[in-house]
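Chemist: First the structure, which I've put down as structure tokens, then a few questions once you've had a look.
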Amino acid sequence: MKKTVNIVGAGIAGLATAIRLAARDYRVTVFERSNVPGGKLGSIPWEGFRWDTGPSLFTLPDLVEELFLLAGTEMKTFIRYQKLDLITRYFYEDGKILNAYGDPQLFAEEAERVMGEPAGNVRKYLDHSREIYELTSDIFIFNRFFRMGTFLSQKFLKAFLRAWKLDSMVTMHDANARRFRSPHLVQLFDRYATYNGSDPYRAPGTLNIISHLEHNLGAFFPEQGMYSLALGMKEVADQMGVVFHFNQPVEKVAMQRREASGVVVNGEIHPSDLVVSDMDIFYLYRDLLEDGAFPVKHFRKERSTSALIFYWAIDAEFPGLELHNILFSDDYREEFRYLRNKKAIYRDPTVYLFISSKMVRGDAPAGKENWYVMINVPENLGQDWDSLIEQSRKNILNKMGRILGTEIEPLILKEFVADPRTIEATTSSHRGSLYGNSSNSRTAAFSRHPNFLRKYRGLYFVGGSVHPGGGIPLCLASAKIVDQQIT
Ligand SMILES: Cc1cc2nc3c(=O)[nH]c(=O)nc-3n(C[C@H](O)[C@H](O)[C@H](O)COP(=O)(O)OP(=O)(O)OC[C@H]3O[C@@H](n4cnc5c(N)ncnc54)[C@H](O)[C@@H]3O)c2cc1C
């Protein structure tokens, strides 16, 4: 008889786990609280416009390709994607504009041309990021949660002996400031801390591996937008016989003598041999596990940042903008000081502007664009969000008008807003954090919640709130680790 597994949540990690276990001939059932798959990977349609609501950057596509191969098919049958020739256009307050090209040599030459930074410095930096990635990724990303074996492995020993190369004793910012003359390039590379909701002035320099993913391995974009990743994965899972139940929140994980025996939905037990949870680990403990299980200490750790996003239907086209654009703050350190110390939003925040209609023509009517305008904000601690949002909206519009040379407000046909409260409510992400716990300390990588616990047999944890962390590639890695762990 086939073994059975119930999966709680159809976020990217839940979908990946469903495909992996279906490929191993498990009978897989997914219960999802919302009416669609994808979780944070969402989509809003409105009168000829469509916005991806969450992730917008796609790296390490091999991790998705692998799922389709396991399903006995090819990703391109379901989802096509392209490598970006121009990853991001950076705008600075002093009027400088830098194109971060996908080709590392072109990017290095552009940095020399615009910022006067010797091209060799950029190449050396990216080589160094590659080296850190190669030394650490098998240990910190693709490895199951740390056990004695990890520390005795050859890979760990190799990384340990070259620890000085990992930049783990300095912050990302200090490591970057050492390697570049141009403060603009330091800021550009500091920004990668925000890819997992961290602070470059506190996160260890080892996190500079993130730029390796984008600049050496490449940044990609699905031809039908980011949401097509969730739809394509759901479709292949359907074909493999995975059963999805939408609008069906799981109420409890059923346990028999500390062994998971199924899930409770609508008061009814759905038995299974295994249970995999893709929901935020905080809410899993608080709502679905037995009383007394809540690991208070774990949840005292610092959370990653959240986001304030305006989704604007824009009644114009801006040829000077790209798919991904950054309008940098003039004082990056102050911006992070506000996030960290004041749990508030600086008056000149760095604005990320993502326009999927630059690549997906169907995402906006002709002559118009779909803007996703995002700034980093603190996690939800009950701040007065309405006034923070009102003030930030004014600051963002001023900044955009200043840098783009056009008044933006009159061009906005429609607006949707996401803030830490709504992100928390719609994706059950504790305090609205985008990436689980922050990576602001040297020990963060070792202290994420594991993917399984000895005390709960048959229960596994995947997704951005557990090891190895948030972001699509790491969520996919968590599904792979769990797959390897289930014997
Ligand atoms: C605004 C934003 C921008 C981001 N940008 C990027 C980016 O550019 N690149 C990148 O790689 N990552 C990005 N991320 C992070 C990335 O989206 C997440 O790390 C990832 O999508 C999390 O996936 P997950 O599988 O952990 O679960 P989630 O997406 O959090 O999904 C969990 C699912 O579980 C469901 N659920 C919760 N409780 C229950 C229950 N009781 N019963 C049943 N179902 C339940 C939820 O409804 C949800 O569908 C971004 C996130 C946000 C919000």
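We name chains A, B, ... following the order of the structure tokens; residues begin at 1 in each chain, and ligands are numbered from 1 as shown.
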Would you write out, as CSV, a table of all residues in range 20-124 of chain A that have an atom no more than 12 Å from an atom of range 242-259 of chain A, listing for each the closest atom pair and the distance in Å to one decimal, considering only C-alpha atoms and ordering rows by chain and rising residue number?
Modeler:
```
residue,atom,partner,partner_atom,distance
A:Arg20,CA,A:Val242,CA,10.7
A:Leu21,CA,A:Val242,CA,9.4
A:Ala22,CA,A:Val242,CA,6.8
A:Ala23,CA,A:Val242,CA,10.1
A:Arg24,CA,A:Val242,CA,11.9
A:Asp25,CA,A:Val242,CA,10.3
A:Tyr26,CA,A:Val242,CA,9.1
A:Arg27,CA,A:Val242,CA,7.0
A:Val28,CA,A:Val242,CA,5.1
A:Thr29,CA,A:Val243,CA,4.7
A:Val30,CA,A:Phe244,CA,4.8
A:Phe31,CA,A:His245,CA,4.9
A:Glu32,CA,A:Phe246,CA,4.9
A:Arg33,CA,A:Pro249,CA,4.0
A:Ser34,CA,A:Asn247,CA,4.9
A:Asn35,CA,A:Phe246,CA,4.9
A:Val36,CA,A:Phe246,CA,6.6
A:Pro37,CA,A:Phe246,CA,8.0
A:Gly38,CA,A:Phe246,CA,11.5
A:Gly39,CA,A:Phe246,CA,11.7
A:Ala71,CA,A:Val242,CA,11.5
```
Chemist: With a distance cut-off of 7 Å and only C-alpha atoms, select the neighbouring residues of range 333-341 of chain A, excluding the residue or stretch itself and same-chain residues fewer than 2 positions from it, and output the selection as JSON, numbers by chain.
Modeler: {"A": [199, 331, 343, 344, 345, 346, 349, 377, 378]}
Chemist: With N, CA, C and O atoms retained, write the just-selected residues as a PDB file, in the first residue's frame.
Modeler:
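What ended up in part_2.pdb:
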```pdb
ATOM      1  N   ASP A 199      20.430  43.298   7.686  1.00  0.00           N
ATOM      2  CA  ASP A 199      20.975  44.649   7.784  1.00  0.00           C
ATOM      3  C   ASP A 199      22.476  44.559   7.457  1.00  0.00           C
ATOM      4  O   ASP A 199      23.218  43.885   8.172  1.00  0.00           O
ATOM      5  N   ASP A 331      21.300  58.108   2.334  1.00  0.00           N
ATOM      6  CA  ASP A 331      21.983  57.753   3.577  1.00  0.00           C
ATOM      7  C   ASP A 331      21.534  56.357   4.005  1.00  0.00           C
ATOM      8  O   ASP A 331      20.588  56.191   4.765  1.00  0.00           O
ATOM      9  N   LYS A 343      12.456  51.128  14.702  1.00  0.00           N
ATOM     10  CA  LYS A 343      11.377  50.288  14.148  1.00  0.00           C
ATOM     11  C   LYS A 343      10.419  51.168  13.351  1.00  0.00           C
ATOM     12  O   LYS A 343       9.186  51.078  13.454  1.00  0.00           O
ATOM     13  N   ALA A 344      11.025  52.077  12.615  1.00  0.00           N
ATOM     14  CA  ALA A 344      10.250  53.041  11.834  1.00  0.00           C
ATOM     15  C   ALA A 344      10.839  53.142  10.428  1.00  0.00           C
ATOM     16  O   ALA A 344      11.711  52.356  10.059  1.00  0.00           O
ATOM     17  N   ILE A 345      10.372  54.120   9.660  1.00  0.00           N
ATOM     18  CA  ILE A 345      10.787  54.223   8.257  1.00  0.00           C
ATOM     19  C   ILE A 345      11.467  55.563   8.029  1.00  0.00           C
ATOM     20  O   ILE A 345      10.906  56.622   8.361  1.00  0.00           O
ATOM     21  N   TYR A 346      12.653  55.510   7.464  1.00  0.00           N
ATOM     22  CA  TYR A 346      13.448  56.721   7.214  1.00  0.00           C
ATOM     23  C   TYR A 346      12.745  57.580   6.159  1.00  0.00           C
ATOM     24  O   TYR A 346      12.079  57.063   5.264  1.00  0.00           O
ATOM     25  N   PRO A 349      13.729  56.570   1.967  1.00  0.00           N
ATOM     26  CA  PRO A 349      13.990  55.125   1.887  1.00  0.00           C
ATOM     27  C   PRO A 349      14.465  54.727   0.492  1.00  0.00           C
ATOM     28  O   PRO A 349      14.176  55.413  -0.486  1.00  0.00           O
ATOM     29  N   VAL A 377      10.623  47.763   5.447  1.00  0.00           N
ATOM     30  CA  VAL A 377      10.091  48.355   6.685  1.00  0.00           C
ATOM     31  C   VAL A 377      10.286  47.338   7.811  1.00  0.00           C
ATOM     32  O   VAL A 377      10.518  46.157   7.549  1.00  0.00           O
ATOM     33  N   PRO A 378      10.200  47.800   9.072  1.00  0.00           N
ATOM     34  CA  PRO A 378      10.391  46.842  10.170  1.00  0.00           C
ATOM     35  C   PRO A 378       9.249  45.827  10.239  1.00  0.00           C
ATOM     36  O   PRO A 378       8.187  46.039   9.641  1.00  0.00           O
TER      37      PRO A 378
END
```
Chemist: Grab me every residue within 7 Å of ligand 1, counting only C-alpha atoms and all ligand atoms, and send it over as number ranges by chain.
Modeler: A: 8-14, 31-34, 37-41, 53-58, 195, 248-251, 278-280, 307, 423, 426-429, 434-435, 462-465, 470-473, 475
Chemist: Give me, as a PyMOL selection string, all polymer residues having an atom no more than 9 Å from Phe354 in chain A, counting only C-alpha atoms and skipping those fewer than 6 positions away in the same chain.
Modeler: chain A and resi 56+322-326+370-374
Chemist: Env of Met226 in chain A: 12 Å cut, atoms = only C-alpha atoms, seq-sep filter 2 positions within chain, self excluded. Answer as an mmCIF file with C-alpha atoms, in the first residue's frame.
Modeler:
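around.cif written:
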```cif
data_model
loop_
_atom_site.group_PDB
_atom_site.id
_atom_site.type_symbol
_atom_site.label_atom_id
_atom_site.label_comp_id
_atom_site.auth_asym_id
_atom_site.auth_seq_id
_atom_site.Cartn_x
_atom_site.Cartn_y
_atom_site.Cartn_z
ATOM 1 C CA ILE A 12 6.554 27.238 -2.863
ATOM 2 C CA GLY A 38 1.734 30.034 -4.018
ATOM 3 C CA LYS A 40 3.705 34.735 -0.644
ATOM 4 C CA LEU A 41 4.182 34.078 -4.342
ATOM 5 C CA GLY A 42 0.902 35.756 -5.264
ATOM 6 C CA SER A 43 -0.786 37.706 -8.049
ATOM 7 C CA ILE A 44 -3.359 40.535 -8.336
ATOM 8 C CA ARG A 50 -1.557 42.029 -13.335
ATOM 9 C CA TRP A 51 0.978 42.275 -10.542
ATOM 10 C CA ASP A 52 3.187 39.645 -8.946
ATOM 11 C CA THR A 53 2.642 40.496 -5.304
ATOM 12 C CA GLY A 54 5.637 38.882 -3.585
ATOM 13 C CA PRO A 55 8.944 37.563 -4.930
ATOM 14 C CA SER A 56 10.175 39.243 -8.089
ATOM 15 C CA LEU A 57 13.729 37.931 -8.383
ATOM 16 C CA PHE A 58 14.338 34.448 -9.662
ATOM 17 C CA THR A 59 17.740 32.854 -9.085
ATOM 18 C CA PRO A 61 16.323 27.975 -11.520
ATOM 19 C CA ILE A 79 7.219 27.375 -17.377
ATOM 20 C CA ARG A 80 9.639 29.148 -19.684
ATOM 21 C CA TYR A 81 12.127 31.639 -18.330
ATOM 22 C CA GLN A 82 14.920 33.855 -19.603
ATOM 23 C CA PHE A 220 16.236 35.000 -14.480
ATOM 24 C CA PHE A 221 12.604 35.814 -15.111
ATOM 25 C CA PRO A 222 9.689 33.558 -16.077
ATOM 26 C CA GLU A 223 8.070 34.577 -19.373
ATOM 27 C CA GLN A 224 4.627 34.703 -17.716
ATOM 28 C CA SER A 228 3.603 31.243 -13.144
ATOM 29 C CA LEU A 229 6.164 29.371 -11.007
ATOM 30 C CA ALA A 230 3.439 28.484 -8.499
ATOM 31 C CA LEU A 231 0.898 27.651 -11.206
ATOM 32 C CA GLY A 232 3.378 25.474 -13.151
ATOM 33 C CA MET A 233 4.397 23.573 -10.035
ATOM 34 C CA PHE A 354 9.683 46.233 -10.332
ATOM 35 C CA ILE A 355 7.777 46.439 -13.614
ATOM 36 C CA SER A 356 6.926 42.963 -14.919
ATOM 37 C CA SER A 357 5.167 44.459 -17.969
ATOM 38 C CA MET A 359 8.949 41.641 -20.035
ATOM 39 C CA VAL A 360 5.431 40.251 -19.840
ATOM 40 C CA ASP A 363 0.753 42.377 -17.571
ATOM 41 C CA ILE A 472 12.617 30.881 -3.055
#
```
Chemist: At a cut-off of 9 Å, using only C-alpha atoms, what residues contact Phe416 in chain A? Leave out same-chain residues fewer than 4 positions from it and give the result as a list in words.
Modeler: Ile44, Ile309, Phe310, Tyr311 and Trp312 of chain A
Chemist: Which residues are near Thr194 in chain A? Cut-off 9 Å, only C-alpha atoms, ignore same chain within fewer than 6 positions. Put them as an NGL selection string.
Modeler: :A and (200 or 304-305 or 376)
